[in-house]
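Participant: My file is my_file_20.txt. It has compact mmCIF, C-alpha atoms:
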```txt
# COMPACT_ATOMS: atom_id res chain seq x y z
CA MET A 1 8.12 0.86 5.78
CA GLU A 2 5.99 3.52 7.43
CA LEU A 3 4.79 6.44 5.35
CA GLY A 4 5.57 9.98 6.36
CA LEU A 5 2.29 11.89 6.62
CA GLU A 6 2.35 15.56 7.61
CA VAL A 7 -0.77 17.69 7.56
CA SER A 8 -0.70 21.48 7.23
CA GLU A 9 -2.84 24.33 5.96
CA GLN A 10 -2.26 26.48 2.92
CA ALA A 11 -4.58 29.07 1.38
CA GLY A 12 -7.66 27.36 2.84
CA TRP A 13 -6.57 23.92 1.68
CA THR A 14 -5.45 21.00 3.81
CA VAL A 15 -2.09 19.80 2.57
CA VAL A 16 -1.05 16.21 3.25
CA ARG A 17 2.66 15.79 2.63
CA VAL A 18 3.47 12.17 1.91
CA ALA A 19 6.95 10.67 2.11
CA GLY A 20 8.04 7.13 1.32
CA GLU A 21 6.75 4.37 -0.95
CA VAL A 22 3.00 4.22 -1.48
CA ASP A 23 2.44 0.55 -2.28
CA THR A 24 0.07 -2.19 -1.17
CA TYR A 25 1.72 -2.26 2.24
CA ALA A 26 1.72 1.48 2.95
CA ALA A 27 -1.39 2.63 1.08
CA PRO A 28 -3.79 1.76 3.94
CA GLN A 29 -1.97 4.33 6.13
CA LEU A 30 -2.65 7.03 3.55
CA ARG A 31 -6.25 5.90 3.11
CA GLU A 32 -6.88 6.06 6.84
CA ARG A 33 -5.46 9.59 7.14
CA LEU A 34 -7.43 10.92 4.18
CA VAL A 35 -10.67 9.37 5.39
CA GLU A 36 -10.11 10.94 8.82
CA LEU A 37 -9.60 14.37 7.30
CA VAL A 38 -12.72 14.25 5.16
CA THR A 39 -14.71 12.93 8.12
CA GLU A 40 -13.44 15.88 10.15
CA GLY A 41 -14.81 18.18 7.45
CA GLN A 42 -11.55 18.96 5.71
CA THR A 43 -12.71 18.32 2.19
CA ARG A 44 -10.41 20.57 0.21
CA LEU A 45 -7.27 18.47 0.10
CA VAL A 46 -3.91 18.65 -1.58
CA VAL A 47 -1.89 15.45 -1.50
CA ASP A 48 1.73 16.46 -1.88
CA LEU A 49 3.57 13.54 -3.48
CA ARG A 50 6.88 15.33 -4.03
CA GLY A 51 8.52 13.28 -1.29
CA VAL A 52 7.24 9.98 -2.66
CA ASP A 53 9.76 7.57 -4.20
CA PHE A 54 7.28 5.03 -5.47
CA LEU A 55 3.55 5.01 -6.20
CA ASP A 56 1.61 2.08 -7.63
CA SER A 57 -1.98 1.26 -8.53
CA THR A 58 -2.84 0.68 -4.87
CA GLY A 59 -1.76 4.23 -4.06
CA LEU A 60 -3.73 5.55 -7.03
CA GLY A 61 -6.76 3.63 -5.79
CA VAL A 62 -6.53 5.32 -2.41
CA LEU A 63 -6.35 8.74 -4.08
CA VAL A 64 -9.35 7.93 -6.29
CA GLY A 65 -11.31 6.85 -3.22
CA ALA A 66 -10.40 10.02 -1.35
CA LEU A 67 -11.21 12.20 -4.36
CA LYS A 68 -14.64 10.62 -4.56
CA ARG A 69 -15.17 11.14 -0.86
CA ALA A 70 -14.02 14.77 -0.98
CA ARG A 71 -16.16 15.62 -4.01
CA GLY A 72 -19.09 13.91 -2.34
CA HIS A 73 -18.77 16.62 0.31
CA ASP A 74 -18.42 19.44 -2.22
CA GLY A 75 -14.67 19.39 -1.79
CA ASP A 76 -11.87 18.34 -4.07
CA LEU A 77 -8.53 16.61 -4.02
CA ALA A 78 -5.54 18.02 -5.87
CA VAL A 79 -2.17 16.36 -6.35
CA ALA A 80 1.24 18.02 -6.17
CA CYS A 81 3.82 15.97 -8.04
CA ALA A 82 7.13 17.05 -9.53
CA GLN A 83 8.83 13.75 -10.33
CA GLU A 84 8.45 12.45 -13.87
CA ARG A 85 8.39 8.84 -12.64
CA ILE A 86 5.40 9.46 -10.35
CA ARG A 87 3.57 11.65 -12.84
CA LYS A 88 3.93 8.91 -15.44
CA VAL A 89 1.73 6.57 -13.37
CA PHE A 90 -1.08 9.14 -13.48
CA GLU A 91 -0.59 9.61 -17.22
CA ILE A 92 -0.66 5.89 -18.05
CA THR A 93 -3.96 5.50 -16.22
CA ARG A 94 -5.21 8.87 -17.51
CA LEU A 95 -5.91 9.90 -13.97
CA ASP A 96 -3.96 13.08 -14.72
CA ARG A 97 -7.23 14.17 -16.36
CA VAL A 98 -9.21 13.37 -13.24
CA PHE A 99 -7.09 14.98 -10.53
CA PRO A 100 -6.19 18.64 -10.54
CA MET A 101 -2.39 18.42 -10.65
CA GLY A 102 0.58 20.72 -10.34
CA ALA A 103 4.32 20.54 -9.82
CA THR A 104 3.98 22.46 -6.55
CA VAL A 105 1.27 22.73 -3.90
CA GLU A 106 0.45 26.24 -5.18
CA ALA A 107 0.12 24.97 -8.76
CA ALA A 108 -2.08 22.06 -7.62
CA ILE A 109 -4.40 24.47 -5.77
CA GLU A 110 -4.45 26.71 -8.82
CA ALA A 111 -5.38 23.74 -11.02
CA ALA A 112 -8.20 22.81 -8.64
CA THR A 113 -9.64 26.31 -8.35
CA SER A 114 -9.51 26.99 -12.10
CA ARG A 115 -11.40 23.83 -13.02
CA PRO A 116 -14.66 24.77 -14.70
CA ASP A 117 -16.64 21.76 -13.50
CA PRO A 118 -14.84 19.02 -11.61
CA GLY A 119 -15.77 15.49 -12.53
CA GLU A 120 -17.37 16.40 -15.84
CA ALA A 121 -14.37 16.05 -18.10
CA GLU A 122 -14.64 14.51 -21.56
CA PRO A 123 -15.16 10.75 -21.37
CA LEU A 124 -12.22 8.67 -22.53
CA ASP A 125 -11.68 4.99 -23.07
CA GLY A 126 -11.54 3.35 -19.70
CA ALA A 127 -8.80 1.27 -18.25
CA THR A 128 -9.56 -2.40 -18.07
CA GLY A 129 -8.60 -4.57 -15.18
CA GLY A 130 -9.96 -5.59 -11.88
CA ARG A 131 -7.16 -7.44 -10.31
CA MET B 1 7.50 -25.72 -7.36
CA GLY B 2 6.36 -25.64 -10.96
CA VAL B 3 6.94 -21.94 -11.28
CA LEU B 4 9.57 -21.92 -14.04
CA VAL B 5 8.33 -20.83 -17.41
CA ASP B 6 10.14 -20.67 -20.72
CA ALA B 7 12.05 -17.49 -21.32
CA PRO B 8 12.71 -17.39 -25.07
CA GLY B 9 15.99 -15.77 -26.01
CA VAL B 10 17.55 -16.42 -22.63
CA GLU B 11 20.11 -19.09 -21.87
CA ALA B 12 21.58 -17.98 -18.56
CA PRO B 13 20.27 -19.68 -15.44
CA PRO B 14 17.64 -17.65 -13.62
CA VAL B 15 17.81 -15.92 -10.25
CA GLN B 16 14.85 -16.60 -8.02
CA LEU B 17 13.29 -14.95 -5.00
CA THR B 18 10.44 -16.52 -3.07
CA VAL B 19 8.60 -14.39 -0.52
CA PRO B 20 5.60 -14.91 1.73
CA ALA B 21 2.46 -13.56 0.05
CA ARG B 22 2.23 -10.61 2.41
CA PRO B 23 2.27 -6.88 1.56
CA GLU B 24 5.37 -6.10 3.58
CA PHE B 25 7.44 -8.19 1.16
CA VAL B 26 6.58 -6.26 -2.02
CA GLY B 27 9.35 -3.78 -1.23
CA LEU B 28 11.87 -6.61 -1.13
CA VAL B 29 10.72 -7.77 -4.57
CA ARG B 30 11.24 -4.25 -5.91
CA LEU B 31 14.72 -4.15 -4.43
CA PHE B 32 15.50 -7.53 -6.01
CA VAL B 33 14.42 -6.33 -9.46
CA ALA B 34 16.00 -2.90 -9.22
CA THR B 35 19.33 -4.35 -8.11
CA LEU B 36 19.43 -6.92 -10.90
CA ALA B 37 18.24 -4.44 -13.54
CA ALA B 38 20.88 -1.92 -12.54
CA SER B 39 23.55 -4.49 -13.49
CA ARG B 40 22.53 -3.92 -17.10
CA ARG B 41 24.33 -0.65 -17.63
CA GLU B 42 22.78 -0.01 -21.04
CA LEU B 43 19.30 0.04 -19.50
CA ALA B 44 18.19 3.62 -18.83
CA GLU B 45 17.23 4.47 -15.27
CA GLU B 46 13.69 5.24 -16.40
CA ARG B 47 13.35 1.72 -17.80
CA VAL B 48 14.61 0.23 -14.55
CA ASP B 49 11.84 2.18 -12.78
CA ASP B 50 9.29 0.91 -15.30
CA LEU B 51 10.29 -2.70 -14.77
CA LYS B 52 10.32 -2.25 -11.01
CA LEU B 53 6.78 -0.85 -11.05
CA ALA B 54 5.49 -3.54 -13.42
CA VAL B 55 6.93 -6.34 -11.27
CA SER B 56 5.57 -4.66 -8.14
CA GLU B 57 2.08 -4.55 -9.66
CA ALA B 58 2.28 -8.20 -10.70
CA THR B 59 3.48 -9.17 -7.22
CA THR B 60 0.67 -7.22 -5.56
CA ASN B 61 -1.85 -9.03 -7.78
CA ALA B 62 -0.27 -12.37 -6.93
CA MET B 63 -0.50 -11.62 -3.22
CA GLU B 64 -4.13 -10.54 -3.56
CA SER B 65 -4.97 -13.81 -5.25
CA TYR B 66 -4.22 -15.54 -1.96
CA ARG B 67 -6.18 -13.01 0.02
CA SER B 68 -9.28 -13.71 -2.02
CA ALA B 69 -8.60 -17.44 -1.71
CA GLY B 70 -8.21 -17.03 2.04
CA ARG B 71 -4.78 -18.67 2.21
CA ASP B 72 -1.29 -17.67 3.16
CA ALA B 73 1.38 -18.81 0.74
CA VAL B 74 4.32 -17.69 -1.38
CA VAL B 75 5.02 -15.66 -4.50
CA THR B 76 8.03 -16.59 -6.60
CA VAL B 77 9.80 -14.02 -8.74
CA THR B 78 12.19 -15.38 -11.34
CA TRP B 79 14.72 -13.27 -13.20
CA TRP B 80 16.43 -14.15 -16.49
CA ASP B 81 19.18 -11.96 -17.85
CA GLY B 82 19.20 -12.50 -21.61
CA PRO B 83 21.59 -11.14 -24.24
CA ASP B 84 19.04 -8.60 -25.47
CA ARG B 85 16.27 -8.74 -22.91
CA LEU B 86 15.31 -9.10 -19.29
CA VAL B 87 12.54 -11.53 -18.46
CA VAL B 88 10.80 -11.59 -15.11
CA SER B 89 8.06 -13.96 -14.09
CA VAL B 90 5.83 -13.62 -11.05
CA ALA B 91 4.11 -16.83 -10.05
CA ASP B 92 1.42 -17.49 -7.50
CA GLU B 93 -0.58 -20.52 -6.55
CA GLY B 94 -3.60 -18.51 -5.61
CA GLY B 95 -6.10 -20.10 -7.92
CA GLY B 96 -5.66 -17.98 -11.03
CA PHE B 97 -7.82 -15.66 -13.05
CA ASP B 98 -8.55 -15.08 -16.70
CA VAL B 99 -7.14 -11.77 -17.82
CA ASP B 100 -9.64 -11.62 -20.68
CA LYS B 101 -12.53 -11.97 -18.29
CA VAL B 102 -11.51 -9.18 -15.98
CA PRO B 103 -14.47 -6.77 -16.06
CA LYS B 104 -14.16 -3.59 -18.07
CA HIS B 105 -14.47 -0.44 -16.06
CA PRO B 106 -16.28 2.71 -17.12
CA PRO B 107 -14.22 5.44 -18.79
CA VAL B 108 -11.68 6.80 -16.37
CA THR B 109 -12.83 10.41 -16.46
CA THR B 110 -16.49 9.83 -15.82
CA SER B 111 -17.85 10.01 -12.34
CA GLU B 112 -18.90 6.36 -12.71
CA ARG B 113 -15.25 5.34 -12.87
CA LEU B 114 -14.65 6.78 -9.44
CA ARG B 115 -16.63 3.91 -7.99
CA PHE B 116 -13.69 1.68 -8.82
CA GLU B 117 -10.57 2.06 -6.78
CA ARG B 118 -8.86 -0.99 -8.21
CA GLY B 119 -8.23 -2.46 -11.59
CA LEU B 120 -5.42 -0.13 -12.56
CA GLY B 121 -2.58 -2.62 -12.07
CA ILE B 122 -2.84 -4.57 -15.30
CA PRO B 123 -3.10 -1.51 -17.57
CA ILE B 124 0.00 -0.16 -15.85
CA ILE B 125 1.89 -3.42 -16.43
CA ARG B 126 0.88 -3.46 -20.10
CA ALA B 127 2.02 0.13 -20.59
CA LEU B 128 5.42 -0.30 -18.99
CA VAL B 129 6.95 -3.48 -20.39
CA ASP B 130 7.59 -4.53 -23.97
CA GLU B 131 5.75 -7.83 -23.68
CA CYS B 132 3.61 -9.39 -21.03
CA ALA B 133 1.77 -12.68 -20.80
CA PHE B 134 -0.67 -13.94 -18.21
CA GLU B 135 -0.49 -17.70 -18.05
CA ARG B 136 -2.78 -19.92 -16.08
CA THR B 137 -0.92 -22.70 -14.37
CA PRO B 138 -2.51 -25.72 -12.70
CA LYS B 139 -2.26 -23.95 -9.36
CA GLY B 140 -2.51 -20.26 -10.09
CA THR B 141 -1.21 -17.55 -12.38
CA THR B 142 2.22 -16.77 -13.79
CA VAL B 143 2.77 -13.32 -15.23
CA ARG B 144 5.75 -13.02 -17.52
CA LEU B 145 7.22 -9.63 -18.30
CA VAL B 146 9.78 -8.94 -20.99
CA MET B 147 11.84 -5.82 -21.44
CA PHE B 148 14.17 -5.53 -24.42
CA CYS B 149 17.33 -3.70 -23.61
CA GLY B 150 19.82 -4.00 -26.46
CA PRO B 151 23.02 -6.01 -26.37
CA ARG B 152 24.72 -6.34 -23.05
CA GLU B 153 27.70 -4.03 -22.62
CA ASP B 154 30.96 -5.76 -21.82
CA ARG B 155 32.02 -5.27 -18.28
CA ALA B 156 35.59 -4.27 -17.48
```
As structure tokens, what does this structure read like?

Facilitator:
Amino acid sequence: MELGLEVSEQAGWTVVRVAGEVDTYAAPQLRERLVELVTEGQTRLVVDLRGVDFLDSTGLGVLVGALKRARGHDGDLAVACAQERIRKVFEITRLDRVFPMGATVEAAIEAATSRPDPGEAEPLDGATGGR
Amino acid sequence: MGVLVDAPGVEAPPVQLTVPARPEFVGLVRLFVATLAASRRELAEERVDDLKLAVSEATTNAMESYRSAGRDAVVTVTWWDGPDRLVVSVADEGGGFDVDKVPKHPPVTTSERLRFERGLGIPIIRALVDECAFERTPKGTTVRLVMFCGPREDRA
């Protein structure tokens, strides 16, 4: 199934509204769009996952890659997520400590702008895996 | 096909779905699991979601095992509906891997960790199901997931 991907602007941030199921099939579509945006110089990104029904490790991987890319250009990537079932995937992997997150786009932007020093959070035990 | 594994505590015959090892079929596997899990009325919706995600992760891994082996083949998902548990196995013939030898990644919140965009699937599986086992078979890997769900409610 194709992902819905709508890009808009809000308070100086580029908001990517995602709809559908972000799995191994659809994640490349999201990756491609996010890479394009950063390449175009839009490095302050909010990925709005409120319309997402399913997100797996492949989707998380794409977000991690885009976060890295954005921060590499002095930007950031925040995540808007209201559904418990999607938020849980970030919590299990502890990526909720890595991404600025909020239940709305406004709250995600607020979380990103109030971060003292992105990327320098307390180290935690890492996830194992590789497959 | 040599994909059946023991499912302790389960006597009913299994339900099986075999799909081509291609990404567009992962959604079908999720539908298969979600539909079967929903027939257990005592299983909370959140737990159905957990099982669906765990099976999806295992299926994605199984499909990737073929990609790295450079072959196109099938993934077989087998479902057992036990009196007090659901058991799902995901079997590939992609050559297998040793779960204990999967490299450890740096801590998730350090900038080092951001170099890794993969490797999150197995921790997710482990967190979501009650038991999981990664078994090497002669041809590949079988992942077995168990979710306990209390006695089955009688159906009217």

Participant: So which one's closest to chain B, A:Leu77, A:Ala111, A:Met101, A:Val62? Using only C-alpha atoms, please.

Facilitator: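 Distance minimum relative to chain B lands on A:Val62.
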
Participant: Rounded to one decimal place, report the CA of Lys52 (chain B)-CA of Asp92 (chain B) distance in Å.

Facilitator: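 Answer for the CA of Lys52 (chain B) to CA of Asp92 (chain B) separation: 18.0 Å.
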
Participant: Using all atoms listed in the file, which of B:Gly119, B:Gly27, B:Pro151, B:Gly140 sits nearest Ala62 (chain B)?

Facilitator: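 Of all the options, B:Gly140 lies closest to Ala62 (chain B).
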
Participant: Counting all atoms listed in the file, which residue out of A:Val89, A:Ala82, A:Ala108, A:Val52 sits closest to chain B?

Facilitator: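 The shortest atom-to-atom distance to chain B comes from A:Val89.
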
Participant: My list of candidates is B:Lys139, B:Arg85, B:Arg126, B:Arg41. Which is closest to chain A when distances are computed with all atoms listed in the file?

Facilitator: B:Arg126

Participant: Determine, counting all atoms listed in the file, which protein, DNA and RNA residues have an atom within 9 Å of an atom of Ala78 (chain A); residues of the same chain fewer than 2 positions away are not included. Present the result as a PyMOL selection string.

Facilitator: chain A and resi 44-48+67+76+80+99-102+105+108-109+111-112

Participant: Quick one: distance from CA of Leu60 (chain A) to CA of Arg136 (chain B) in Å, one decimal?

Facilitator: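 Result for CA of Leu60 (chain A) versus CA of Arg136 (chain B): 27.0 Å, one decimal.
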
Participant: May I ask which of the residues B:Ala133, B:Val75, B:Val19, B:Ala44 is the closest one to Asn61 (chain B), counting all atoms listed in the file?

Facilitator: B:Val75

Participant: As a ChimeraX atom specification, please: the residues near Asp74 (chain A) (cut-off 10 Å, only C-alpha atoms, same-chain neighbours under 4 positions excluded).

Facilitator: /A:43-44,68-70

Participant: If we count only C-alpha atoms and set the cut-off at 10 Å, which residues sit around Ala11 (chain A), ignoring sequence neighbours fewer than 3 positions away in its own chain? Please answer as a short mmCIF file (atom, residue, chain, number, x, y, z; two decimals) with C-alpha atoms, keeping the file's coordinate frame.

Facilitator:
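Everything below was put into around-v1.cif:
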```cif
data_model
loop_
_atom_site.label_atom_id
_atom_site.label_comp_id
_atom_site.auth_asym_id
_atom_site.auth_seq_id
_atom_site.Cartn_x
_atom_site.Cartn_y
_atom_site.Cartn_z
CA THR A 14 -5.45 21.00 3.81
CA VAL A 15 -2.09 19.80 2.57
CA GLU A 106 0.45 26.24 -5.18
CA ILE A 109 -4.40 24.47 -5.77
#
```

Participant: Using all atoms listed in the file, pick whichever of B:Ala91, B:Leu36, B:Val15, B:Leu120 has the shortest atom-to-atom distance to chain A.

Facilitator: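 Distance minimum relative to chain A lands on B:Leu120.
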
Participant: For Ser39 (chain B), find every residue with an atom within 10 Å (counting only C-alpha atoms), except residues of its own chain fewer than 4 positions away, and show them as a list in words.

Facilitator: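 Contacts, in chain order: Ala34, Thr35, Leu43, Asp81, Arg152 and Arg155 of chain B.
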
Participant: Just to confirm, what's the straight-line distance from CA of Glu24 (chain B) to CA of Pro28 (chain A) in Å (one decimal)?

Facilitator: 12.1 Å

Participant: To box region 69-82 of chain A, take all atoms listed in the file, fit an axis-aligned box, add 8 Å on each side, and give centre and edge lengths in Å to one decimal, as AutoDock Vina command-line options.

Facilitator:
```
--center_x -6.0 --center_y 15.3 --center_z -4.6 --size_x 42.2 --size_y 24.3 --size_z 25.8
```
